[in-house]
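**Q** Let me begin by handing over the structure; questions about it come next.
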Amino acid sequence: MSIARLVAGRSTCLRRKVGAVLVKGKRVLCTGYNGAPAGLKHCLEIGCLREKLGIKSGERHELCRALHAEQNVLIQAAYHGIAVVDSVLYCTNLPCSICTKMLINAGIRRIYYEEGYPDEMSKEMLKEAGIELIRLTPEAGQKEDSGDTSVKKIPN
């Protein structure tokens, strides 16, 4: 998870810095962070439309120029021809429902995250898809029950 936190530091979002890392067989496949598409101005330069409009976190995703970290990690893998099926995602935040749909279709089998996100649909879809969802406490990296009864306990 420390790599995901480090990657989040590259985020250009003014509201929430998120980092994501895809891992398979103890090897890092790809990383991603939230920010504007390549070559476009970042919110750091032009401001945040969502902030100006008073849009709450977890709502109206289409009114943001940034891609989410989970989207960027999948795009980077595709761009570089890296297969991600059966990989594990480490993300600083619980994925939103849009990212969750992408992660399900990409064949991600487990998600570790630290902080919540106001999107109950995401947890419901992950449970239905049979994807393990494990919340880690940011302070000590300890596993914590995410409140989702479908979470399988994994020994340290």
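Just so we're on the same page: first chain in the structure tokens is A, next is B, and so on; residues restart at 1 for each chain, and ligands are numbered from 1 in the order they show up.
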Considering only C-alpha atoms, tabulate each residue of stretch 34-96 of chain A that lies at most 10 Å from stretch 111-118 of chain A along with its nearest interatomic pair and the corresponding distance in Å to one decimal; arrange the rows by chain and ascending residue number and present them as a tab-separated table.
**A**
residue	atom	partner	partner_atom	distance
A:Lys56	CA	A:Pro118	CA	9.5
A:Ser57	CA	A:Pro118	CA	7.1
A:Gly58	CA	A:Pro118	CA	5.6
A:Glu59	CA	A:Pro118	CA	8.7
A:Ser87	CA	A:Ile111	CA	9.2
A:Val88	CA	A:Ile111	CA	5.9
A:Leu89	CA	A:Ile111	CA	4.8
A:Tyr90	CA	A:Tyr112	CA	4.8
A:Cys91	CA	A:Tyr113	CA	4.9
A:Thr92	CA	A:Glu114	CA	5.2
A:Asn93	CA	A:Glu115	CA	4.7
A:Leu94	CA	A:Gly116	CA	5.2
A:Pro95	CA	A:Tyr117	CA	7.1
A:Cys96	CA	A:Tyr117	CA	6.9
**Q** Using the selection just defined, write its residues with N, CA and C atoms as a short mmCIF file (atom, residue, chain, number, x, y, z; two decimals), in the first residue's frame.
**A**
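New file selection16.cif:
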data_model
loop_
_atom_site.label_atom_id
_atom_site.label_comp_id
_atom_site.auth_asym_id
_atom_site.auth_seq_id
_atom_site.Cartn_x
_atom_site.Cartn_y
_atom_site.Cartn_z
N LYS A 56 -20.82 17.45 -4.49
CA LYS A 56 -20.33 16.56 -3.43
C LYS A 56 -19.48 15.43 -4.03
N SER A 57 -18.58 14.93 -3.21
CA SER A 57 -17.77 13.78 -3.58
C SER A 57 -18.68 12.59 -3.88
N GLY A 58 -18.35 11.85 -4.91
CA GLY A 58 -19.12 10.66 -5.27
C GLY A 58 -20.29 10.94 -6.20
N GLU A 59 -20.49 12.20 -6.58
CA GLU A 59 -21.61 12.56 -7.46
C GLU A 59 -21.11 13.23 -8.74
N SER A 87 -5.12 -10.10 -11.44
CA SER A 87 -4.22 -9.30 -10.63
C SER A 87 -4.96 -8.72 -9.41
N VAL A 88 -4.20 -8.08 -8.56
CA VAL A 88 -4.70 -7.49 -7.32
C VAL A 88 -4.49 -5.99 -7.39
N LEU A 89 -5.49 -5.22 -6.95
CA LEU A 89 -5.39 -3.77 -6.94
C LEU A 89 -5.17 -3.28 -5.52
N TYR A 90 -4.18 -2.42 -5.35
CA TYR A 90 -3.97 -1.69 -4.11
C TYR A 90 -4.32 -0.24 -4.44
N CYS A 91 -5.26 0.32 -3.72
CA CYS A 91 -5.72 1.67 -4.01
C CYS A 91 -5.92 2.44 -2.71
N THR A 92 -5.55 3.69 -2.71
CA THR A 92 -5.68 4.48 -1.49
C THR A 92 -7.14 4.69 -1.10
N ASN A 93 -8.05 4.59 -2.07
CA ASN A 93 -9.48 4.77 -1.81
C ASN A 93 -10.29 3.62 -2.40
N LEU A 94 -11.46 3.38 -1.81
CA LEU A 94 -12.41 2.44 -2.39
C LEU A 94 -12.79 2.95 -3.77
N PRO A 95 -12.76 2.11 -4.81
CA PRO A 95 -13.15 2.55 -6.14
C PRO A 95 -14.62 2.96 -6.21
N CYS A 96 -14.92 3.96 -7.04
CA CYS A 96 -16.30 4.36 -7.28
C CYS A 96 -16.98 3.29 -8.15
#
**Q** Hey, what's within 12 Å of A:Gly54 if we count only C-alpha atoms and toss same-chain stuff fewer than 5 positions away? As an MDAnalysis selection string, please?
**A** chainID A and resid 15 48:49 59:60 63
**Q** Report the distance between atom CA of A:His68 and atom CA of A:Arg27 in Å, rounded to one decimal place.
**A**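 Atom CA of A:Arg27 lies 22.2 Å from atom CA of A:His68.
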**Q** Counting only C-alpha atoms, which residue out of A:Arg10, A:Leu126, A:Ile75, A:Met102 sits closest to A:His42?
**A**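 Among the listed residues, the smallest separation from A:His42 belongs to A:Arg10.
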**Q** Which residue gives the smallest distance to A:Lys123 among A:Lys17, A:Arg50, A:His80, A:Lys101, with only C-alpha atoms counted?
**A**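 Of A:Lys17, A:Arg50, A:His80, A:Lys101, the one nearest A:Lys123 is A:Lys101, counting only C-alpha atoms.
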**Q** If you run DSSP on this backbone, which residues of chain A come out as helix (DSSP H, G or I), and could you give them as a VMD selection string?
**A** chain A and resid 2 to 8 43 to 46 49 to 53 61 to 63 69 to 79 97 to 106 120 to 129
**Q** Given the selection you just returned, output its residues as a file containing C-alpha atoms, formatted as a PDB file, in the first residue's frame.
**A**
ATOM      1  CA  SER A   2       2.934   2.321   0.558  1.00  0.00           C
ATOM      2  CA  ILE A   3       3.572   2.367  -3.212  1.00  0.00           C
ATOM      3  CA  ALA A   4      -0.055   3.399  -3.841  1.00  0.00           C
ATOM      4  CA  ARG A   5       0.354   6.235  -1.332  1.00  0.00           C
ATOM      5  CA  LEU A   6       3.567   7.329  -3.030  1.00  0.00           C
ATOM      6  CA  VAL A   7       1.891   7.270  -6.465  1.00  0.00           C
ATOM      7  CA  ALA A   8      -1.019   9.331  -5.064  1.00  0.00           C
ATOM      8  CA  CYS A  43      -6.938  21.270 -12.227  1.00  0.00           C
ATOM      9  CA  LEU A  44      -3.879  22.616 -10.410  1.00  0.00           C
ATOM     10  CA  GLU A  45      -3.534  25.048 -13.336  1.00  0.00           C
ATOM     11  CA  ILE A  46      -7.156  25.931 -14.126  1.00  0.00           C
ATOM     12  CA  LEU A  49     -15.112  22.851 -11.778  1.00  0.00           C
ATOM     13  CA  ARG A  50     -16.660  20.472  -9.237  1.00  0.00           C
ATOM     14  CA  GLU A  51     -15.461  22.688  -6.386  1.00  0.00           C
ATOM     15  CA  LYS A  52     -16.807  25.814  -8.119  1.00  0.00           C
ATOM     16  CA  LEU A  53     -20.217  24.155  -8.596  1.00  0.00           C
ATOM     17  CA  HIS A  61     -18.344  12.167 -12.133  1.00  0.00           C
ATOM     18  CA  GLU A  62     -18.838  13.461 -15.681  1.00  0.00           C
ATOM     19  CA  LEU A  63     -18.186  17.019 -14.478  1.00  0.00           C
ATOM     20  CA  ALA A  69      -6.439   6.455 -10.463  1.00  0.00           C
ATOM     21  CA  GLU A  70      -8.136   3.093 -11.103  1.00  0.00           C
ATOM     22  CA  GLN A  71      -9.004   4.155 -14.655  1.00  0.00           C
ATOM     23  CA  ASN A  72      -5.456   5.363 -15.263  1.00  0.00           C
ATOM     24  CA  VAL A  73      -3.865   2.163 -13.952  1.00  0.00           C
ATOM     25  CA  LEU A  74      -6.000   0.094 -16.369  1.00  0.00           C
ATOM     26  CA  ILE A  75      -5.312   2.481 -19.269  1.00  0.00           C
ATOM     27  CA  GLN A  76      -1.570   2.412 -18.612  1.00  0.00           C
ATOM     28  CA  ALA A  77      -1.593  -1.385 -18.568  1.00  0.00           C
ATOM     29  CA  ALA A  78      -3.510  -1.486 -21.875  1.00  0.00           C
ATOM     30  CA  TYR A  79      -1.250   1.182 -23.426  1.00  0.00           C
ATOM     31  CA  SER A  97     -18.999   2.412  -9.126  1.00  0.00           C
ATOM     32  CA  ILE A  98     -17.686   3.516 -12.556  1.00  0.00           C
ATOM     33  CA  CYS A  99     -14.181   2.271 -11.773  1.00  0.00           C
ATOM     34  CA  THR A 100     -15.622  -0.846 -10.150  1.00  0.00           C
ATOM     35  CA  LYS A 101     -17.343  -1.825 -13.405  1.00  0.00           C
ATOM     36  CA  MET A 102     -14.030  -1.455 -15.248  1.00  0.00           C
ATOM     37  CA  LEU A 103     -12.124  -3.448 -12.633  1.00  0.00           C
ATOM     38  CA  ILE A 104     -14.693  -6.251 -12.758  1.00  0.00           C
ATOM     39  CA  ASN A 105     -14.460  -6.498 -16.553  1.00  0.00           C
ATOM     40  CA  ALA A 106     -10.644  -6.329 -16.442  1.00  0.00           C
ATOM     41  CA  GLU A 120     -22.480   1.949  -1.813  1.00  0.00           C
ATOM     42  CA  MET A 121     -23.193   0.648  -5.328  1.00  0.00           C
ATOM     43  CA  SER A 122     -19.478  -0.084  -5.694  1.00  0.00           C
ATOM     44  CA  LYS A 123     -19.448  -2.423  -2.674  1.00  0.00           C
ATOM     45  CA  GLU A 124     -22.637  -4.142  -3.858  1.00  0.00           C
ATOM     46  CA  MET A 125     -21.215  -4.799  -7.339  1.00  0.00           C
ATOM     47  CA  LEU A 126     -17.890  -6.082  -5.985  1.00  0.00           C
ATOM     48  CA  LYS A 127     -19.749  -8.465  -3.680  1.00  0.00           C
ATOM     49  CA  GLU A 128     -21.937  -9.721  -6.535  1.00  0.00           C
ATOM     50  CA  ALA A 129     -18.868 -10.193  -8.764  1.00  0.00           C
TER      51      ALA A 129
END
**Q** Go ahead and compute the interatomic distance for atom CA of A:Tyr33 and atom CA of A:Leu14, in Å to one decimal.
**A**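 A separation of 12.8 Å between them.
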**Q** May I have all residues of chain A that DSSP, computed from the backbone, assigns to strand (DSSP E or B), given as a PyMOL selection string?
**A** chain A and resi 19-24+27-33+35+67+88-93+110-115+132-136+143-144
